[in-house]
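Asker: The structure under discussion is supplied below as structure tokens; questions concerning it will follow.
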Amino acid sequence: MEYKKICDVYHSLESTTKGLEKTEILAKFLREIHDEPELIYLLQGNVFADYDHRELGISHQLVIKTIGKAGGISDAEVVDEFKKLGDLGKVAEFVLGKKKQQMALFSSKLSIEKVMTNLRRLPSLEGKGTVEIKIGLIVELLHSATPKEAKYIIRTVLSDLKIGVGSGILRDAIVRYCFKPKDIEEKKVYSVAVQEAYDKSTDFAEILAKACNNELAKIKLKPGKPVKVMLFPKAKNIDDAFRIVGKPAAFEYKYDGFRVMINKEENGKIKIFTRRLEEVTKQFPDIVEYVKSNVKGKSFILDAEAVGFNAKTKKYTDFQAISQRIRRKYDIEGMRKRLPIELAVFDIIYFEGDNLIEMPFSKRRKLIKKIVREEVFKIVLAKQIITDDGGIVEKFYEDAISENQEGLMGKNLSAPYKPGARVGYAVKLKPEDKDFDLIITGAEWGTGKRAGWLTSFDVACKNNDEFLQVGKVSTGLKEKPEEGLSFSEMTEILKKLAVEESGRKVVVKPEIVVAVQYQNVQKSPTYSSGHALRFPRIVRLREDRGAGDIATLEEVSGEVGG
């Protein structure tokens with residue numbers, strides 16, 4: 001298939017902000033790729049499935065060199081155009097447009113398959129000369145591309161298509177194309193079925209293929225392939241928790257660590273995934289050891305929390321103290337000794353060939369008690385009580401806080417496990433400090449003694465596939481790195497995600513999640529959410545969380561005046 005076809009689709013999607021129109025455009029294109037379902041990845045600017053975290057490894061600087069080489073101009077000239085246009089895709093379109101006019105001819109037509117092949121080679125390239133090979137593979141595509149095609153090739157390389165297609169719209173397009181629902185109610189039924197299948201599979205190519213053959217039920221959990229975790233809303237207090245999950249209920253410690261899904265495959269291999277579907281097995285050899293020694297079973301998927309503790313005092317530490325282990329690739333053994341963790345297991349969704357997500361929680365808990373041999377400061381079951389007495393819960397809550405944990409989880413004893421869903425099968429009970437997990441969408445360069453740092457951050461909640469701003473935050477970070485999360489550290493993180501810059505303002509890819517404390521929420525026309533956080537303050541970087549984990553517009557709206 002000619003790459004021009006999908007570029008025309010990109011252009012149509014970029015030209016409308018209406019969700020229904022985008023859905024219709026996508027549904028028509030899905031007919032074109034029915035026999036090549038993997039091409040669906042390109043509709044979100046990817047070349048691999050969501051569960052596959054191979055990275056193309058192309059920075060903005062490399063893209064600048066690539067455009068310069070393809071267009072026969074210097075890097076400095078590319079940077080000048082970038083400053084004017086604020087979009088490297090548009091820069092490629094402009095530069096290649098001028099060159100094509102000078103050459104007065106185009107090369108052979110570019111195919112979608114060629115684009116996929118070249119880009120999929122990028123992550124596997126290592127060693128001497130890798131940079132030049134990577135640049136060469138992209139330049140090869142640009143030489144065969146029209147100016148418009150060049151724009152979208154560069155945006156795909158940077159994983160920033162700017163066409164407004166999130167997973168919700170793509171799901172609705174699959175429903176529209178494969179099932180052709182007759183009314184809203186029928187659409188809801190199919191949407192739930194597709195979403196539930198995707199949360200198990202995290203692969204839209206598989207979903208498209210199975211949906212169009214009425215085989216969604218054949219999609220099963222499989223150890224070794226990451227799955228979306230179940231998410232939990234907040235309860236206002238203990239009475240509210242009982243209202244949502246029923247009586248009696250299970251209450252467990254809400255650990256101040258990071259969530260991991262432990263997968264043991266049939267061949268005995270153990271893999272560890274974060275809630276963002278990233279594999280971190282190499283970073284946590286200790287978890288692998290604990291699971292091998294203390295969990296019985298040929299294959300399983302466990303839901304757990306990795307909690308840090310002080311090696312000398314044995315007191316539990318907060319998430320921030322061990323967060324650096326998630327991204328560490330070197331000195332793993334040294335980090336393990338300095339920042340030890342205990343694994344607290346609280347759920348199981350697969351065991352030796354059986355999918356357990358429809359099994360009541362109480363039975364899933366009995367199974368993990370049966371197969372997990374507890375060993376303090378290595379692997380334990382989440383501390384739990386079952387009660388209908390608020391006073392007992394209050395005491396248990398105080399115990400959790402005194403042990404430096406975040407609070408409690410209240411759980412419905414008969415509830416199934418819903419991957420990817422934020423439903424009332426379990427709720428969070430936390431201290432009165434009000435906070436939201438929000439995503440950073442932009443920032444501003446500081447002035448004076450903070451010049452050279454990004455010091456003011458745009459934070460947003462989500463509404464379906466949209467990110468809606470709820471304020472700017474400039475407090476909470478430190479000037480000295482040794483004091484905690486610093487402006488310099490955040491600047492280095494966000495610089496790599498910058499997609500547009502104008503004066504002091506920088507637009508970044510929405511990937512970084514932060515916990516933001518606030519005094520209250522008020523209505524405000526200033527921000528796209530229609531709400532503003534009063535006195536917001538960043539309290540931690542949530543490296544274990546992604547865009548799907550942040551607060552929703554409904555949750556933010558529910559706090560107005562609070």
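Each chain in the structure tokens gets a letter, A, B, ..., in the order shown, and its residues are numbered from 1; ligands are numbered from 1 in order too.
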Show me, as a JSON list (two decimals) with N, CA and C atoms, in the first residue's frame, the residues that have an atom within 8 Å of segment 163-167 of chain A when counting only C-alpha atoms, minus same-chain residues fewer than 4 positions from it.
Answerer:
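Here's the written file part16.json:
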[["chain", "number", "residue", "atom", "x", "y", "z"],
["A", 10, "TYR", "N", -3.99, 10.79, 7.85],
["A", 10, "TYR", "CA", -3.41, 11.67, 8.88],
["A", 10, "TYR", "C", -3.90, 13.10, 8.69],
["A", 11, "HIS", "N", -3.85, 13.57, 7.45],
["A", 11, "HIS", "CA", -4.23, 14.96, 7.16],
["A", 11, "HIS", "C", -5.71, 15.18, 7.51],
["A", 13, "LEU", "N", -7.50, 13.54, 9.70],
["A", 13, "LEU", "CA", -7.64, 13.48, 11.15],
["A", 13, "LEU", "C", -7.14, 14.76, 11.80],
["A", 14, "GLU", "N", -6.06, 15.30, 11.26],
["A", 14, "GLU", "CA", -5.48, 16.53, 11.80],
["A", 14, "GLU", "C", -6.39, 17.73, 11.55],
["A", 17, "THR", "N", -11.37, 18.32, 14.92],
["A", 17, "THR", "CA", -11.25, 18.07, 16.37],
["A", 17, "THR", "C", -12.43, 17.24, 16.87],
["A", 22, "LYS", "N", -13.44, 11.78, 13.48],
["A", 22, "LYS", "CA", -12.20, 10.99, 13.52],
["A", 22, "LYS", "C", -12.52, 9.50, 13.48],
["A", 43, "LEU", "N", -1.44, 4.37, 13.10],
["A", 43, "LEU", "CA", -2.48, 5.37, 13.33],
["A", 43, "LEU", "C", -2.29, 6.10, 14.66],
["A", 44, "GLN", "N", -1.43, 5.58, 15.52],
["A", 44, "GLN", "CA", -1.07, 6.28, 16.75],
["A", 44, "GLN", "C", 0.40, 6.66, 16.76],
["A", 171, "ARG", "N", -10.47, 2.46, 19.45],
["A", 171, "ARG", "CA", -11.41, 1.40, 19.87],
["A", 171, "ARG", "C", -12.77, 1.60, 19.22],
["A", 465, "ASP", "N", -9.75, 10.62, 25.63],
["A", 465, "ASP", "CA", -8.41, 10.65, 25.05],
["A", 465, "ASP", "C", -7.78, 12.04, 25.08],
["A", 466, "GLU", "N", -8.45, 12.99, 25.72],
["A", 466, "GLU", "CA", -7.93, 14.36, 25.78],
["A", 466, "GLU", "C", -7.22, 14.64, 27.10]]
Asker: Could you give me, as a PyMOL selection string, the residues within 10 Å of segment 200-213 of chain A, counting only C-alpha atoms and dropping anything in the same chain fewer than 5 positions from it?
Answerer: chain A and resi 30+33-41+48-52+167+170-171+173-175+177-179+190+193-195+218-222+225-229+277+418-420
Asker: For each of A:Leu231, A:Ala197, A:Val499, A:Ala311, take the minimum atom-to-atom distance to Gly548 of chain A, counting only C-alpha atoms, then give the residue where this is smallest.
Answerer: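 With only C-alpha atoms as the atom set, the closest residue is A:Leu231.
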Asker: Tell me, counting only C-alpha atoms, for each residue of segment 240-266 of chain A within 9 Å of segment 422-438 of chain A, which pair of atoms is nearest and how far apart they are in Å to one decimal, in rows ordered by chain and increasing number, as JSON lines.
Answerer:
{"residue": "A:Ala241", "atom": "CA", "partner": "A:Val427", "partner_atom": "CA", "distance": 6.5}
{"residue": "A:Ile244", "atom": "CA", "partner": "A:Gly424", "partner_atom": "CA", "distance": 6.1}
{"residue": "A:Val245", "atom": "CA", "partner": "A:Tyr425", "partner_atom": "CA", "distance": 5.9}
{"residue": "A:Lys254", "atom": "CA", "partner": "A:Lys428", "partner_atom": "CA", "distance": 7.5}
Asker: Output N, CA and C atoms for every residue in the selection just made, as a PDB file, in the first residue's frame.
Answerer:
ATOM      1  N   ALA A 241     -16.238   4.196  51.670  1.00  0.00           N
ATOM      2  CA  ALA A 241     -15.624   2.959  51.167  1.00  0.00           C
ATOM      3  C   ALA A 241     -16.599   1.794  51.284  1.00  0.00           C
ATOM      4  N   ILE A 244     -19.308   1.925  48.680  1.00  0.00           N
ATOM      5  CA  ILE A 244     -18.904   1.537  47.320  1.00  0.00           C
ATOM      6  C   ILE A 244     -18.652   0.032  47.198  1.00  0.00           C
ATOM      7  N   VAL A 245     -17.951  -0.554  48.177  1.00  0.00           N
ATOM      8  CA  VAL A 245     -17.548  -1.960  48.021  1.00  0.00           C
ATOM      9  C   VAL A 245     -18.416  -2.938  48.800  1.00  0.00           C
ATOM     10  N   LYS A 254      -2.404   0.005  51.776  1.00  0.00           N
ATOM     11  CA  LYS A 254      -2.045   0.606  50.483  1.00  0.00           C
ATOM     12  C   LYS A 254      -0.574   0.988  50.585  1.00  0.00           C
TER      13      LYS A 254
END
Asker: Can you work out the spacing between atom CA of Pro223 of chain A and atom CA of Lys271 of chain A in Å, to one decimal?
Answerer: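 These two atoms are separated by 8.4 Å.
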Asker: So, with only C-alpha atoms as the atoms that count, which of A:Val393, A:Val291, A:Leu408, A:Ile386 lies closest to Gly268 of chain A?
Answerer: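 Ranking A:Val393, A:Val291, A:Leu408, A:Ile386 by distance to Gly268 of chain A, first place goes to A:Val291.
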Asker: Give the answer as one residue: which of A:Ile385, A:Ile112, A:Ile357, A:Ile58 has the shortest atom-to-atom distance to Met1 of chain A, using only C-alpha atoms?
Answerer: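 Answer, going by the shortest atom-to-atom distance: A:Ile112.
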Asker: When you count only C-alpha atoms, which of these residues is closest to Glu93 of chain A: A:Gly308, A:Pro147, A:Gly129, A:Gly68?
Answerer: A:Pro147
Asker: With only C-alpha atoms as the counted atoms, please give the residues lying no more than 7 Å from Asn263 of chain A, apart from itself and same-chain residues fewer than 2 positions off, as a list in words.
Answerer: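 Residues meeting the cut-off are Pro223, Gly224, Met261, Glu265, Ile270, Lys271, Ile272, Phe300, Ile301 and Leu302 of chain A.
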Asker: So that I can check the surroundings of Ala382 of chain A, please list as a PDB file with C-alpha atoms, in the first residue's frame every protein, DNA and RNA residue that reaches within 6 Å of it, counting only C-alpha atoms and ignoring chain neighbours fewer than 5 positions away.
Answerer:
ATOM      1  CA  ALA A 344       3.768  -7.379  48.841  1.00  0.00           C
ATOM      2  CA  VAL A 345       1.465  -9.637  46.793  1.00  0.00           C
ATOM      3  CA  PHE A 346      -2.215  -8.679  46.767  1.00  0.00           C
TER       4      PHE A 346
END
Asker: Considering only C-alpha atoms, state which residue in the set A:Glu2, A:Glu21, A:Glu252, A:Glu375 is at the smallest distance from Leu413 of chain A.
Answerer: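 Distance minimum relative to Leu413 of chain A lands on A:Glu252.
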Asker: Using only C-alpha atoms, pick whichever of A:Ala235, A:Glu352, A:Met230, A:Arg534 has the shortest atom-to-atom distance to Arg259 of chain A.
Answerer: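 With only C-alpha atoms as the atom set, the closest residue is A:Met230.
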Asker: So which residues of segment 383-426 of chain A fall under strand (DSSP E) by DSSP, listed as a list of chain:residue names?
Answerer: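 Here are the strand (DSSP E) residues of segment 383-426 of chain A: A:Gln384, A:Ile385, A:Ile386, A:Thr387, A:Gly407, A:Leu408, A:Met409, A:Gly410, A:Lys411, A:Ala426.
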Asker: Compile the contact shell of segment 492-494 of chain A as a count of residues only: residues with an atom at most 10 Å away, counting only C-alpha atoms, same-chain residues fewer than 5 positions apart removed.
Answerer: 15
Asker: Excluding Ser456 of chain A and residues on its chain fewer than 6 positions from it, collect all residues at most 9 Å away from it, counting only C-alpha atoms, and give them as a list in words.
Answerer: Gly442, Ala443, Glu444, Trp445, Gly446, Lys472, Val473, Ser474 and Thr475 of chain A
